[in-house]
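To start, the structure itself, in structure tokens.
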Amino acid sequence: MFGQTAFSGTVVAALLNHPGHPCLVPDVATAAPYKAAPRRPVLGVRPSGCVQHTADARWEVPFDGQTVLCGPSLGLLIGRPAVRVAPQEALACVSDWLLCVDGSWPVPNHYRPGLRWRARDGLCVLSPQRLPRLPGDDPAQFVLQLRIDGGVPRTLRVGEHLRGAAQLLADVSSFMTLNPGDVLLLGPAEPQPALSVGQRAYATLQAPGRPPLALSVCLGLAAVAAQEGLQP
């Protein structure tokens with residue numbers, strides 16, 4: 001249908017797209033400075049240095065005791081330009097489904113989060129394997145799981161998002177163009193679990209009747225601590 005769509009290097013991630021996000025609690029969402037929950041998609045762009053394609057990733061932190069939030073997300077690889085598309089037509093712009101584990105430093109709130117907290121080198125891990133989009137695919141039925149070491153898996157059904165794949169793509173395309181090779185992330189379930197040094201997270205994406213996508217991420221200590229004021 002699209003052939004093998006090449007990755008452009010652009011990853012756009014939806015933030016605050018799950019009802020469990022702490023910033024969407026009514027008392028928090030209506031507090032200053034925003035005084036209301038967001039009405040349009042809240043997005044973050046991942047710089048190219050933040051992205052890695054591997055099924056076995058390693059993240060590093062400068063200080064022992066530092067944790068990284070991690071959660072699996074469904075990725076939409078764009079196969080044709082998405083410009084002001086309607087929700088019922090949006091998925092026709094998708095070439096493939098991807099699995100992503102997107103990491104970030106824990107922050108107390110979402111008020112103007114600094115770039116270094118959201119976009120560290122290698123923190124956005126995309127599965128090298130893809131699932132081609134089929135005409136009958138319903139991403140709301142896809143299931144994401146995350147397990148840390150031997151713990152109990154956390155499960156997210158993609159249909160639990162505030163904006164599903166088609167609605168998010170339509171809303172985003174109303175104010176920005178997504179080109180072939182770009183990736184749009186729906187975002188993880190909230191609150192996200194924290195990965196500690198020495199732990200490994202295992203993530204899977206299961207689409208009904210299709211082989212699962214899987215990747216893992218371990219958190220290690222950097223050989224030389226970067227003195228960046230990131231110590232907890």
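Chain labels A, B, ... are given in the sequence in which chains occur in the structure tokens; within each chain residues are numbered consecutively from 1, and ligands are likewise numbered from 1 in the order shown.
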
Residues near stretch 7-13 of chain A, cut-off 6 Å, only C-alpha atoms, skip fewer than 2 positions along chain, as an mmCIF file with C-alpha atoms, in the first residue's frame:
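In the end it all went to selection.cif:
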```cif
data_model
loop_
_atom_site.group_PDB
_atom_site.id
_atom_site.type_symbol
_atom_site.label_atom_id
_atom_site.label_comp_id
_atom_site.auth_asym_id
_atom_site.auth_seq_id
_atom_site.Cartn_x
_atom_site.Cartn_y
_atom_site.Cartn_z
ATOM 1 C CA LEU A 43 2.630 17.932 22.038
ATOM 2 C CA GLY A 44 6.352 17.475 22.460
ATOM 3 C CA VAL A 45 8.831 17.084 19.600
ATOM 4 C CA ARG A 46 11.677 14.645 20.152
ATOM 5 C CA SER A 48 16.788 13.382 16.475
ATOM 6 C CA GLY A 181 8.187 9.179 7.642
ATOM 7 C CA ASP A 182 7.095 11.255 10.646
ATOM 8 C CA VAL A 183 5.957 9.414 13.778
ATOM 9 C CA LEU A 184 3.076 10.484 16.017
ATOM 10 C CA LEU A 185 3.004 8.936 19.505
#
```

Within 6 Å of stretch 60-79 of chain A: each stretch 143-226 of chain A residue with its shortest pair, only C-alpha atoms, as a tab-separated table:
```
residue	atom	partner	partner_atom	distance
A:Pro180	CA	A:Gly79	CA	4.6
A:Gly181	CA	A:Ile78	CA	5.4
A:Asp182	CA	A:Ile78	CA	5.5
A:Val183	CA	A:Leu77	CA	4.6
A:Leu184	CA	A:Leu76	CA	5.1
A:Leu185	CA	A:Gly75	CA	4.5
A:Leu186	CA	A:Leu74	CA	5.7
A:Gly187	CA	A:Ser73	CA	5.0
A:Pro188	CA	A:Ser73	CA	4.9
A:Gln192	CA	A:Gly71	CA	5.7
A:Pro193	CA	A:Leu69	CA	5.7
A:Ala194	CA	A:Leu69	CA	4.4
A:Leu195	CA	A:Val68	CA	5.2
A:Ser196	CA	A:Thr67	CA	4.8
A:Leu219	CA	A:Glu60	CA	5.7
A:Gly220	CA	A:Glu60	CA	4.8
A:Leu221	CA	A:Glu60	CA	5.2
A:Ala222	CA	A:Glu60	CA	5.2
A:Ala225	CA	A:Pro62	CA	4.3
A:Ala226	CA	A:Pro62	CA	5.5
```

Can you write just those residues out, C-alpha atoms, as a tab-separated table (two decimals), in the first residue's frame?
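Generated file (part32.tsv):
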```
chain	number	residue	atom	x	y	z
A	180	PRO	CA	5.69	10.72	5.25
A	181	GLY	CA	8.19	9.18	7.64
A	182	ASP	CA	7.10	11.25	10.65
A	183	VAL	CA	5.96	9.41	13.78
A	184	LEU	CA	3.08	10.48	16.02
A	185	LEU	CA	3.00	8.94	19.50
A	186	LEU	CA	-0.28	8.57	21.39
A	187	GLY	CA	1.51	8.64	24.73
A	188	PRO	CA	1.71	6.21	27.67
A	192	GLN	CA	4.09	6.11	34.49
A	193	PRO	CA	6.29	3.70	36.45
A	194	ALA	CA	9.81	4.77	37.39
A	195	LEU	CA	12.81	2.74	36.24
A	196	SER	CA	15.75	2.61	38.67
A	219	LEU	CA	18.81	1.79	33.05
A	220	GLY	CA	22.49	2.12	33.84
A	221	LEU	CA	24.86	4.59	35.45
A	222	ALA	CA	26.90	6.83	33.16
A	225	ALA	CA	28.55	11.84	35.85
A	226	ALA	CA	27.42	14.89	33.93
```

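One finds atom CA of A:Val101 at 23.8 Å from atom CA of A:Ala82.
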
Assign secondary structure with DSSP using the backbone only, and return the residues of stretch 112-224 of chain A in strand (DSSP E) as a VMD selection string.
chain A and resid 124 to 126 131 to 132 143 to 148 154 to 157 183 to 185 194 to 195 200 to 206 213 to 221

Using C-alpha atoms, can you export the residues from the last selection as a short mmCIF file (atom, residue, chain, number, x, y, z; two decimals), in the first residue's frame?
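Below is the file that was written, part.cif:
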```cif
data_model
loop_
_atom_site.label_atom_id
_atom_site.label_comp_id
_atom_site.auth_asym_id
_atom_site.auth_seq_id
_atom_site.Cartn_x
_atom_site.Cartn_y
_atom_site.Cartn_z
CA CYS A 124 12.79 7.76 22.86
CA VAL A 125 13.12 4.12 21.81
CA LEU A 126 11.28 2.97 18.66
CA LEU A 131 3.18 -3.73 11.84
CA PRO A 132 1.85 -2.62 8.45
CA VAL A 143 -2.92 -3.67 23.92
CA LEU A 144 0.34 -2.33 25.38
CA GLN A 145 2.11 -4.00 28.29
CA LEU A 146 5.09 -2.97 30.40
CA ARG A 147 6.86 -5.16 32.94
CA ILE A 148 9.83 -4.09 35.06
CA ARG A 154 0.94 -3.07 33.54
CA THR A 155 -1.62 -3.19 30.74
CA LEU A 156 -2.98 -0.31 28.64
CA ARG A 157 -5.65 -0.62 26.00
CA VAL A 183 5.96 9.41 13.78
CA LEU A 184 3.08 10.48 16.02
CA LEU A 185 3.00 8.94 19.50
CA ALA A 194 9.81 4.77 37.39
CA LEU A 195 12.81 2.74 36.24
CA ARG A 200 15.08 -3.48 32.91
CA ALA A 201 11.68 -2.71 31.40
CA TYR A 202 10.03 -5.06 28.88
CA ALA A 203 7.37 -3.60 26.58
CA THR A 204 5.05 -5.24 24.05
CA LEU A 205 2.41 -4.10 21.57
CA GLN A 206 -0.25 -6.66 20.66
CA LEU A 213 6.14 -6.07 18.75
CA ALA A 214 8.57 -6.11 21.68
CA LEU A 215 11.51 -4.15 23.03
CA SER A 216 13.36 -3.75 26.31
CA VAL A 217 15.22 -0.92 28.05
CA CYS A 218 17.71 -1.14 30.90
CA LEU A 219 18.81 1.79 33.05
CA GLY A 220 22.49 2.12 33.84
CA LEU A 221 24.86 4.59 35.45
#
```

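Atom CA of A:Arg84 is found 29.1 Å from atom CA of A:His53.
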
Measuring between only C-alpha atoms, which one of A:Ala32, A:Ala90, A:Leu15, A:Cys100 shows the shortest distance to A:Gln52?
A:Cys100

Using only C-alpha atoms, which protein or nucleic acid residues come within 12 Å of A:Asp121? Drop anything in the same chain fewer than 2 positions from it, and give the result as number ranges by chain.
A: 46-52, 57-61, 102-105, 115-119, 123-125

May I have the residues within 8 Å of A:Ala165 as a PyMOL selection string, using only C-alpha atoms and disregarding those fewer than 3 positions away in the same chain?
chain A and resi 76+91+139-140+168-169+186

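Distances here use only C-alpha atoms; by that measure, the residue among A:Gln167, A:Leu16, A:Pro128, A:Asp56 closest to A:Glu89 is A:Gln167.
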
Run DSSP on the backbone and give me the residues of chain A it puts in alpha helix (DSSP H), as a PyMOL selection string.
chain A and resi 26-29+87-90+115-118+165-173

Residues from the last selection, C-alpha atoms, saved as an mmCIF file, in the first residue's frame:
```
data_model
loop_
_atom_site.group_PDB
_atom_site.id
_atom_site.type_symbol
_atom_site.label_atom_id
_atom_site.label_comp_id
_atom_site.auth_asym_id
_atom_site.auth_seq_id
_atom_site.Cartn_x
_atom_site.Cartn_y
_atom_site.Cartn_z
ATOM 1 C CA PRO A 26 -9.523 18.643 38.426
ATOM 2 C CA ASP A 27 -7.942 20.536 41.332
ATOM 3 C CA VAL A 28 -4.598 20.583 39.507
ATOM 4 C CA ALA A 29 -5.916 21.281 36.006
ATOM 5 C CA PRO A 87 -11.080 11.657 11.859
ATOM 6 C CA GLN A 88 -12.805 9.139 9.580
ATOM 7 C CA GLU A 89 -10.052 9.617 6.985
ATOM 8 C CA ALA A 90 -7.052 10.028 9.276
ATOM 9 C CA LEU A 115 14.020 20.407 27.279
ATOM 10 C CA ARG A 116 16.642 18.481 29.235
ATOM 11 C CA TRP A 117 13.902 16.849 31.341
ATOM 12 C CA ARG A 118 11.927 15.600 28.336
ATOM 13 C CA ALA A 165 -5.312 7.366 16.988
ATOM 14 C CA ALA A 166 -7.723 8.774 14.396
ATOM 15 C CA GLN A 167 -8.911 11.716 16.526
ATOM 16 C CA LEU A 168 -5.394 12.678 17.616
ATOM 17 C CA LEU A 169 -4.054 12.563 14.068
ATOM 18 C CA ALA A 170 -6.988 14.632 12.825
ATOM 19 C CA ASP A 171 -6.623 17.208 15.603
ATOM 20 C CA VAL A 172 -2.850 17.527 15.146
ATOM 21 C CA SER A 173 -3.172 17.818 11.352
#
```

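The residue that comes closest to A:Leu134, out of A:Val85, A:Cys93, A:Ala55, A:Ala6 and on the basis of only C-alpha atoms, is A:Cys93.
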
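Between atom CA of A:Gly164 and atom CA of A:Pro41 the separation is 11.5 Å.
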